[in-house]
Amino acid sequence: MKHFLASALFCFCSINVPATAIEGLVPLPVSVEKTSATPVVLTDANDGKIRVIDTESARRAAAYFLNAAREKKLKIGGEKIIFASLENPEIIRGNAEGYVLEIGDGKIKLSANTYAGYFYAIQTLFQIFPREADGNGEISLPPCKIVDYPRFAWRGFMLDSVRHFQSVEWIKKLIDVLASQKINTLHWHLTDDQGWRIEIKKYPKLTQQAAWREHIGFGLEPNQSEHYDKAGRYGGFYSQDEIREIVRYAASRNITVVPEIELPGHAVAALSVYPEFGCTGGPYEIRLIGGVSDDVYCAGNEAVYTFWENIFDEVTQLFPGKFVHVGGDECPKIRWENCPKCQAKIRAENLKNEHELQSYVIRRMEKVLSQRGKRLIGWDEILEGGLAPEATVMSWRGAKGGVEAAKMQHDVVMSPNSHCYYDYSQAHSGEPRSFGGFIPLERAYEFNPTEGVPAKFHKHILGGQANLWTEYIPNEKHAEYMLAPRISALAEATWTPQELRSWEDFQNRMVHQYARFGEADVNYRRPEAVQILVENGQLRFRPDLRNAKVVFTLDGNEPTAESQSAAPDVCVPVPAGDVAVCVRARTVFPDGSLGRINERFLNLPKAKVISTLNTEAGNVPSRAFDGSREAVYWANGGARVGDTVAVVFEQTQTPKHVSCITGKNETGGGGDRLHSGVLEISPDGKTWLPVAEFSHGFADAELPAGTQVKALRLRVTQAQAEWLLVREFEIRN
């Protein structure tokens with residue numbers, strides 16, 4: 001746990017960038033043209049001239065600009081700033097969020113025909129502003145003309161406020177970050193098995209009781225969050241006044257808030273206070289873990305539909321956007337299979353099975369929302385049993401469900417967990433606790449919402465969305481770390497034309513964006529990881545930060561700024577011999593600060609890895625002892641009592657320290673870790689001595705000097721259904 005805190009919450013140093021940031025715009029605009037006009041010089045003078053055409057959208061935008069510039073302490077005096085109508089809408093293809101920004105010859109001209117267009121012109125202008133004034137207290141903006149409009153209408157981010165709660169002030173900060181990246185939709189997950197977060201006046205017990213749980217849950221430490229009531233219960237809720245304030249704040253930044261009210265599954269929090277709406281009648285207890293509960297709403301009980309309708313009466317009044325998300329995902333059918341009311345409903349409605357019963361629920365809720373002027377959207381499970389006529393599908397289990405829905409002429413938001421689940425780790429090692437999985441910045445950037453969708457159905461792809469589920473993200477700083485910088489990758493995937501996108505160019509522009517995150521006090525993940533690659537007897541270092549300097553050592557000592565250095569992709573010979581070598585490397589940032597250390601063991605003693613478990617394709621047992629924590633052995637299926645994974649050395653070793661890391665991240669967290677087991681050594685490969693128990697997926701032990709070790713293994717002491725991932729066995733002398 002100490003490792004987690006150090007990884008997740010340390011302070012970041014800003015990355016210094018050149019003064020003029022026109023080359024660092026994120027997301028990349030449709031067109032950026034440097035012109036021959038004279039630069040625009042701005043000062044601290046209070047005589048800045050702002051000219052605004054007489055439209056409500058221009059006046060609102062100018063007022064926002066003045067307030068935001070004042071908060072950012074930007075110099076805007078001395079030149080003309082013009083908010084104008086866009087005379088030729090064709091230049092932005094008639095897109096309501098498009099704009100033209102012109103800088104030069106004594107003026108800054110923002111042209112648009114909507115508040116959204118002006119707002120995004122302002123965000124681009126703020127990115128162009130130099131970070132510092134010159135020696136005369138002036139700043140100079142480069143002459144240019146930018147024509148810009150988004151590729152997709154839905155550029156979304158989902159925040160889970162149920163598993164872990166966030167403050168109203170922090171949600172406003174999140175909205176500012178999203179707006180700066182031209183994200184225009186905040187999908188807000190407000191109800192689930194672990195809590196109920198939205199005030200419903202007709203059902204006060206939902207927030208009096210169901211908004212709180214016994215403790216923080218998820219195996220986390222209580223001090224990782226501050227959201228407790230006076231009685232020590234963990235949780236919280238948003239009053240209707242607070243929701244109105246958040247919705248208003250978001251709207252002023254061109255962000256629509258889409259609420260998610262989960263049904264018919266993920267319902268335990270509500271059932272804990274209204275047990276009569278479940279199939280068994282309870283009692284039900286708010287869950288302190290993730291996963292999927294068999295206890296769901298009773299789809300055969302008419303009182304449940306009245307309950308939902310009354311909730312949507314209030315929800316639809318709070319959120320003016322056209323969409324309401326109903327979840328619809330991960331709804332087990334076991335309770336319905338054994339419920340007389342549900343079986344009676346299936347017969348009465350001439351349904352074939354429980355899957356069609358779920359479709360009946362979604363179709364009925366679609367009508368309820370339509371009567372209230374809203375459109376229903378749900379996760380791709382709403383396809384099961386037949387899709388409601390006007391429903392929009394959010395495809396999360398890859399792109400398959402989205403493609404299927406688009407072919408059925410339904411609108412789709414792509415949100416595949418292969419690219420868009422930001423609760424997954426950003427690196428194989430050195431990361432804070434996460435749900436598991438692996439989505440580095442590059443993979444997030446590779447997201448293309450229309451990939452795999454036939455061209456004739458592209459019109460049904462509304463856009464894309466990233467999701468931040470918070471099972472293992474207990475506080476706001478941790479959430480920021482998982483969000484940034486990947487939110488910039490999403491921004492470019494959903495705004496910039498696909499043909500203009502380039503990972504290499506994006507990396508260069510992100511150097512400027514990292515500085516902006518730092519200035520906004522966002523706990524972004526610095527691009528500090530270094531991959532240590534071995535190819536044909538050569539070492540190669542690949543840093544996250546493009547073209548960064550890397551320092552390294554070959555003796556296990558901590559690399560400093562004065563250590564041996566290498567440019568990216570420059571090869572260094574691996575030291576010869578049979579003696580194990582610990583290579584340690586880290587990034588040197590432009591401001592002189594050092595990134596975290598990655599290490600890899602080379603010239604390991606020859607050994608064979610033997611496992612009693614099945615192997616997931618390609619993830620062979622030898623990966624559990626190859627010197628790298630990034631290559632892993634992943635067993636296919638659950639672990640039984642007595643299952644072992646053993647490293648058998650050709651020659652007996654005398655290490656001082658032995659350890660084993662399991663699980664999807666380096667701290668032994670993130671799932672697929674060993675829950676109950678022992679680390680054992682053997683002097684002869686036949687008899688075994690336990691030296692440490694596994695805790696949170698990790699075991700390590702110091703050995704007496706001269707201890708003979710012919711083999712090292714983990715042994716499972718309690719069966720688990722979860723797959724087992726062995727990251728690395730390690731020995732040190």
# chains A, B, ... in the order shown; residues from 1 in each chain; ligands from 1

$ closest_atom_pairs --of "segment 39-77 of chain A" --to "segment 85-108 of chain A" --cutoff "12 Å" --atoms "only C-alpha atoms" --output "JSON lines"
{"residue": "A:Pro39", "atom": "CA", "partner": "A:Gly104", "partner_atom": "CA", "distance": 5.2}
{"residue": "A:Val40", "atom": "CA", "partner": "A:Gly106", "partner_atom": "CA", "distance": 5.4}
{"residue": "A:Val41", "atom": "CA", "partner": "A:Gly106", "partner_atom": "CA", "distance": 7.6}
{"residue": "A:Leu42", "atom": "CA", "partner": "A:Gly106", "partner_atom": "CA", "distance": 9.5}
{"residue": "A:Gly48", "atom": "CA", "partner": "A:Lys107", "partner_atom": "CA", "distance": 10.5}
{"residue": "A:Lys49", "atom": "CA", "partner": "A:Lys107", "partner_atom": "CA", "distance": 9.4}
{"residue": "A:Ile50", "atom": "CA", "partner": "A:Ile108", "partner_atom": "CA", "distance": 9.4}
{"residue": "A:Arg51", "atom": "CA", "partner": "A:Ile108", "partner_atom": "CA", "distance": 10.3}
{"residue": "A:Val52", "atom": "CA", "partner": "A:Ser85", "partner_atom": "CA", "distance": 9.4}
{"residue": "A:Ile53", "atom": "CA", "partner": "A:Ser85", "partner_atom": "CA", "distance": 7.2}
{"residue": "A:Asp54", "atom": "CA", "partner": "A:Ser85", "partner_atom": "CA", "distance": 9.5}
{"residue": "A:Thr55", "atom": "CA", "partner": "A:Ser85", "partner_atom": "CA", "distance": 8.9}
{"residue": "A:Glu56", "atom": "CA", "partner": "A:Ser85", "partner_atom": "CA", "distance": 11.6}
{"residue": "A:Ser57", "atom": "CA", "partner": "A:Ser85", "partner_atom": "CA", "distance": 10.1}
{"residue": "A:Ala58", "atom": "CA", "partner": "A:Ser85", "partner_atom": "CA", "distance": 8.4}
{"residue": "A:Arg59", "atom": "CA", "partner": "A:Ser85", "partner_atom": "CA", "distance": 11.8}
{"residue": "A:Ile76", "atom": "CA", "partner": "A:Ile108", "partner_atom": "CA", "distance": 10.2}
{"residue": "A:Gly77", "atom": "CA", "partner": "A:Lys107", "partner_atom": "CA", "distance": 11.2}

$ residues_around --residues "Tyr305 of chain A" --least-positions-apart "4" --cutoff "10 Å" --atoms "only C-alpha atoms" --output "list in words"
Phe277, Tyr297, Cys298, Ala299, Gly300, Asn301, Glu309, Asn310, Ile311, Val361, Arg364, Met365 and Val368 of chain A

$ write_last_selection --atoms "C-alpha atoms" --output "PDB file, in the first residue's frame"
ATOM      1  CA  PHE A 277     -38.673  -4.382  -5.809  1.00  0.00           C
ATOM      2  CA  TYR A 297     -34.933  -5.598 -10.148  1.00  0.00           C
ATOM      3  CA  CYS A 298     -37.982  -7.851 -10.513  1.00  0.00           C
ATOM      4  CA  ALA A 299     -39.085  -7.414 -14.119  1.00  0.00           C
ATOM      5  CA  GLY A 300     -42.432  -9.068 -13.395  1.00  0.00           C
ATOM      6  CA  ASN A 301     -43.506  -6.628 -10.701  1.00  0.00           C
ATOM      7  CA  GLU A 309     -41.233   6.114 -13.958  1.00  0.00           C
ATOM      8  CA  ASN A 310     -41.298   8.239 -10.818  1.00  0.00           C
ATOM      9  CA  ILE A 311     -37.502   8.383 -10.790  1.00  0.00           C
ATOM     10  CA  VAL A 361     -37.883  -3.813 -19.952  1.00  0.00           C
ATOM     11  CA  ARG A 364     -40.893  -0.107 -22.063  1.00  0.00           C
ATOM     12  CA  MET A 365     -38.380   2.329 -20.560  1.00  0.00           C
ATOM     13  CA  VAL A 368     -41.263   6.229 -20.743  1.00  0.00           C
TER      14      VAL A 368
END

$ atom_distance --atom1 "atom CA of Phe165 of chain A" --atom2 "atom CA of Ile198 of chain A"
11.5 Å

$ select_by_dssp --residues "segment 453-494 of chain A" --states "alpha helix (DSSP H)" --output "list in words"
Glu476, Lys477, His478, Ala479, Glu480, Tyr481, Met482, Leu483, Arg486, Ile487, Ser488, Ala489, Leu490, Ala491, Glu492, Ala493 and Thr494 of chain A

$ residues_around --residues "segment 705-712 of chain A" --least-positions-apart "4" --cutoff "8 Å" --atoms "only C-alpha atoms" --output "list in words"
Ala646, Val647, Val648, Phe649, Glu650, Gln651, Thr652, Gln653, Thr654, Pro655, Lys656, Leu679, Glu680, Ile681, Ser682, Pro683, Asp684 and Gly685 of chain A

$ write_last_selection --atoms "C-alpha atoms" --output "PDB file, in the first residue's frame"
ATOM      1  CA  ALA A 646       8.117 -23.480 -10.205  1.00  0.00           C
ATOM      2  CA  VAL A 647      11.485 -22.165 -11.419  1.00  0.00           C
ATOM      3  CA  VAL A 648      14.038 -24.999 -11.528  1.00  0.00           C
ATOM      4  CA  PHE A 649      17.643 -23.839 -11.940  1.00  0.00           C
ATOM      5  CA  GLU A 650      20.279 -25.783 -13.884  1.00  0.00           C
ATOM      6  CA  GLN A 651      22.819 -24.898 -11.201  1.00  0.00           C
ATOM      7  CA  THR A 652      22.024 -24.448  -7.509  1.00  0.00           C
ATOM      8  CA  GLN A 653      21.866 -20.780  -6.491  1.00  0.00           C
ATOM      9  CA  THR A 654      22.612 -19.008  -3.186  1.00  0.00           C
ATOM     10  CA  PRO A 655      20.449 -15.855  -3.366  1.00  0.00           C
ATOM     11  CA  LYS A 656      19.982 -13.464  -0.461  1.00  0.00           C
ATOM     12  CA  LEU A 679       6.429 -18.954  -1.762  1.00  0.00           C
ATOM     13  CA  GLU A 680       8.701 -21.965  -1.308  1.00  0.00           C
ATOM     14  CA  ILE A 681      12.336 -22.876  -1.951  1.00  0.00           C
ATOM     15  CA  SER A 682      13.952 -26.270  -2.469  1.00  0.00           C
ATOM     16  CA  PRO A 683      17.602 -27.254  -2.030  1.00  0.00           C
ATOM     17  CA  ASP A 684      17.224 -30.292  -4.292  1.00  0.00           C
ATOM     18  CA  GLY A 685      14.052 -29.779  -6.365  1.00  0.00           C
TER      19      GLY A 685
END

$ closest_residue --among "A:Glu476, A:Glu492, A:Glu262, A:Glu285" --to "Gly463 of chain A" --atoms "only C-alpha atoms"
A:Glu492

$ closest_residue --among "A:Ala479, A:Thr560, A:Glu442, A:Phe729" --to "Gln507 of chain A" --atoms "only C-alpha atoms"
A:Glu442

$ closest_residue --among "A:Ser628, A:Ser370, A:Ser695, A:Ser434" --to "Glu599 of chain A" --atoms "only C-alpha atoms"
A:Ser628

$ atom_distance --atom1 "atom CA of Pro222 of chain A" --atom2 "atom CA of Tyr421 of chain A"
25.2 Å

$ residues_around --residues "segment 407-409 of chain A" --least-positions-apart "5" --cutoff "10 Å" --atoms "only C-alpha atoms" --output "MDAnalysis selection string"
chainID A and resid 387 389:390 392 401:402 453:454 456:460

$ residues_around --residues "Leu376 of chain A" --least-positions-apart "2" --cutoff "7 Å" --atoms "only C-alpha atoms" --output "PDB file with N, CA and C atoms, in the first residue's frame"
ATOM      1  N   PHE A 323     -30.414  12.763 -24.061  1.00  0.00           N
ATOM      2  CA  PHE A 323     -30.186  11.358 -23.750  1.00  0.00           C
ATOM      3  C   PHE A 323     -30.264  11.083 -22.250  1.00  0.00           C
ATOM      4  N   VAL A 324     -30.797   9.903 -21.912  1.00  0.00           N
ATOM      5  CA  VAL A 324     -30.712   9.342 -20.574  1.00  0.00           C
ATOM      6  C   VAL A 324     -30.191   7.913 -20.726  1.00  0.00           C
ATOM      7  N   HIS A 325     -29.162   7.575 -19.966  1.00  0.00           N
ATOM      8  CA  HIS A 325     -28.545   6.249 -20.042  1.00  0.00           C
ATOM      9  C   HIS A 325     -29.192   5.349 -19.004  1.00  0.00           C
ATOM     10  N   VAL A 326     -29.590   4.141 -19.421  1.00  0.00           N
ATOM     11  CA  VAL A 326     -30.253   3.222 -18.491  1.00  0.00           C
ATOM     12  C   VAL A 326     -29.386   2.007 -18.159  1.00  0.00           C
ATOM     13  N   GLU A 366     -37.889   2.840 -22.878  1.00  0.00           N
ATOM     14  CA  GLU A 366     -37.727   3.761 -24.000  1.00  0.00           C
ATOM     15  C   GLU A 366     -38.986   4.602 -24.209  1.00  0.00           C
ATOM     16  N   LEU A 369     -39.196   7.278 -21.458  1.00  0.00           N
ATOM     17  CA  LEU A 369     -38.304   8.413 -21.707  1.00  0.00           C
ATOM     18  C   LEU A 369     -38.768   9.232 -22.894  1.00  0.00           C
ATOM     19  N   LYS A 374     -37.053  12.462 -24.118  1.00  0.00           N
ATOM     20  CA  LYS A 374     -35.674  11.989 -24.064  1.00  0.00           C
ATOM     21  C   LYS A 374     -35.485  10.753 -24.944  1.00  0.00           C
ATOM     22  N   GLY A 378     -28.045   2.825 -23.956  1.00  0.00           N
ATOM     23  CA  GLY A 378     -27.638   1.789 -23.014  1.00  0.00           C
ATOM     24  C   GLY A 378     -26.412   1.057 -23.519  1.00  0.00           C
ATOM     25  N   ALA A 391     -33.581   3.023 -29.679  1.00  0.00           N
ATOM     26  CA  ALA A 391     -32.487   3.035 -28.708  1.00  0.00           C
ATOM     27  C   ALA A 391     -31.143   3.308 -29.369  1.00  0.00           C
ATOM     28  N   THR A 392     -30.269   3.967 -28.629  1.00  0.00           N
ATOM     29  CA  THR A 392     -28.883   4.187 -29.043  1.00  0.00           C
ATOM     30  C   THR A 392     -28.000   3.257 -28.220  1.00  0.00           C
TER      31      THR A 392
END

$ atom_distance --atom1 "atom CA of Leu220 of chain A" --atom2 "atom CA of Gln166 of chain A"
16.2 Å

$ select_by_dssp --residues "segment 310-388 of chain A" --states "strand (DSSP E or B)" --output "list in words"
Phe323, Val324, His325, Val326, Gly327, Arg375, Leu376, Ile377, Gly378 and Trp379 of chain A

$ residues_around --residues "segment 488-490 of chain A" --least-positions-apart "2" --cutoff "8 Å" --atoms "only C-alpha atoms" --output "PyMOL selection string"
chain A and resi 26-27+155+181+420+441+444-445+447+464-466+484-486+492-494

$ write_last_selection --atoms "N, CA and C atoms" --output "PDB file, in the first residue's frame"
ATOM      1  N   VAL A  26      -3.695  20.553 -29.187  1.00  0.00           N
ATOM      2  CA  VAL A  26      -4.322  19.255 -28.949  1.00  0.00           C
ATOM      3  C   VAL A  26      -5.778  19.488 -28.578  1.00  0.00           C
ATOM      4  N   PRO A  27      -6.734  18.883 -29.306  1.00  0.00           N
ATOM      5  CA  PRO A  27      -6.546  18.037 -30.478  1.00  0.00           C
ATOM      6  C   PRO A  27      -6.111  18.851 -31.702  1.00  0.00           C
ATOM      7  N   ARG A 155     -18.356  13.347 -28.201  1.00  0.00           N
ATOM      8  CA  ARG A 155     -16.983  13.203 -27.722  1.00  0.00           C
ATOM      9  C   ARG A 155     -17.100  13.116 -26.206  1.00  0.00           C
ATOM     10  N   GLN A 181     -10.077  20.069 -23.738  1.00  0.00           N
ATOM     11  CA  GLN A 181      -9.754  19.072 -24.763  1.00  0.00           C
ATOM     12  C   GLN A 181     -10.885  18.919 -25.786  1.00  0.00           C
ATOM     13  N   CYS A 420     -10.634   2.281 -24.520  1.00  0.00           N
ATOM     14  CA  CYS A 420     -11.328   3.398 -23.874  1.00  0.00           C
ATOM     15  C   CYS A 420     -11.623   3.203 -22.391  1.00  0.00           C
ATOM     16  N   LEU A 441      -0.836   5.164 -23.386  1.00  0.00           N
ATOM     17  CA  LEU A 441      -1.255   6.316 -24.181  1.00  0.00           C
ATOM     18  C   LEU A 441      -1.323   5.975 -25.662  1.00  0.00           C
ATOM     19  N   ALA A 444      -4.480   4.082 -26.415  1.00  0.00           N
ATOM     20  CA  ALA A 444      -5.614   5.000 -26.338  1.00  0.00           C
ATOM     21  C   ALA A 444      -5.688   5.863 -27.599  1.00  0.00           C
ATOM     22  N   TYR A 445      -4.516   6.255 -28.099  1.00  0.00           N
ATOM     23  CA  TYR A 445      -4.477   7.096 -29.299  1.00  0.00           C
ATOM     24  C   TYR A 445      -4.911   6.330 -30.550  1.00  0.00           C
ATOM     25  N   PHE A 447      -7.363   4.489 -30.961  1.00  0.00           N
ATOM     26  CA  PHE A 447      -8.820   4.372 -31.051  1.00  0.00           C
ATOM     27  C   PHE A 447      -9.358   5.114 -32.272  1.00  0.00           C
ATOM     28  N   GLY A 464     -17.247   8.722 -30.001  1.00  0.00           N
ATOM     29  CA  GLY A 464     -16.562   7.811 -29.087  1.00  0.00           C
ATOM     30  C   GLY A 464     -16.536   8.348 -27.673  1.00  0.00           C
ATOM     31  N   GLN A 465     -16.210   7.460 -26.733  1.00  0.00           N
ATOM     32  CA  GLN A 465     -16.220   7.834 -25.324  1.00  0.00           C
ATOM     33  C   GLN A 465     -15.236   6.983 -24.543  1.00  0.00           C
ATOM     34  N   ALA A 466     -14.557   7.600 -23.579  1.00  0.00           N
ATOM     35  CA  ALA A 466     -13.712   6.887 -22.621  1.00  0.00           C
ATOM     36  C   ALA A 466     -14.461   6.759 -21.300  1.00  0.00           C
ATOM     37  N   ALA A 484      -5.539  11.779 -17.261  1.00  0.00           N
ATOM     38  CA  ALA A 484      -4.584  12.561 -18.039  1.00  0.00           C
ATOM     39  C   ALA A 484      -3.236  11.848 -18.063  1.00  0.00           C
ATOM     40  N   PRO A 485      -2.644  11.687 -19.257  1.00  0.00           N
ATOM     41  CA  PRO A 485      -2.936  12.384 -20.513  1.00  0.00           C
ATOM     42  C   PRO A 485      -3.835  11.635 -21.490  1.00  0.00           C
ATOM     43  N   ARG A 486      -4.396  10.477 -21.093  1.00  0.00           N
ATOM     44  CA  ARG A 486      -5.149   9.699 -22.093  1.00  0.00           C
ATOM     45  C   ARG A 486      -6.348  10.444 -22.637  1.00  0.00           C
ATOM     46  N   GLU A 492      -8.304  13.704 -29.603  1.00  0.00           N
ATOM     47  CA  GLU A 492      -7.857  13.680 -31.000  1.00  0.00           C
ATOM     48  C   GLU A 492      -8.567  12.600 -31.798  1.00  0.00           C
ATOM     49  N   ALA A 493      -8.889  11.476 -31.153  1.00  0.00           N
ATOM     50  CA  ALA A 493      -9.586  10.394 -31.850  1.00  0.00           C
ATOM     51  C   ALA A 493     -10.992  10.786 -32.264  1.00  0.00           C
ATOM     52  N   THR A 494     -11.607  11.700 -31.527  1.00  0.00           N
ATOM     53  CA  THR A 494     -13.000  12.069 -31.799  1.00  0.00           C
ATOM     54  C   THR A 494     -13.156  13.432 -32.459  1.00  0.00           C
TER      55      THR A 494
END
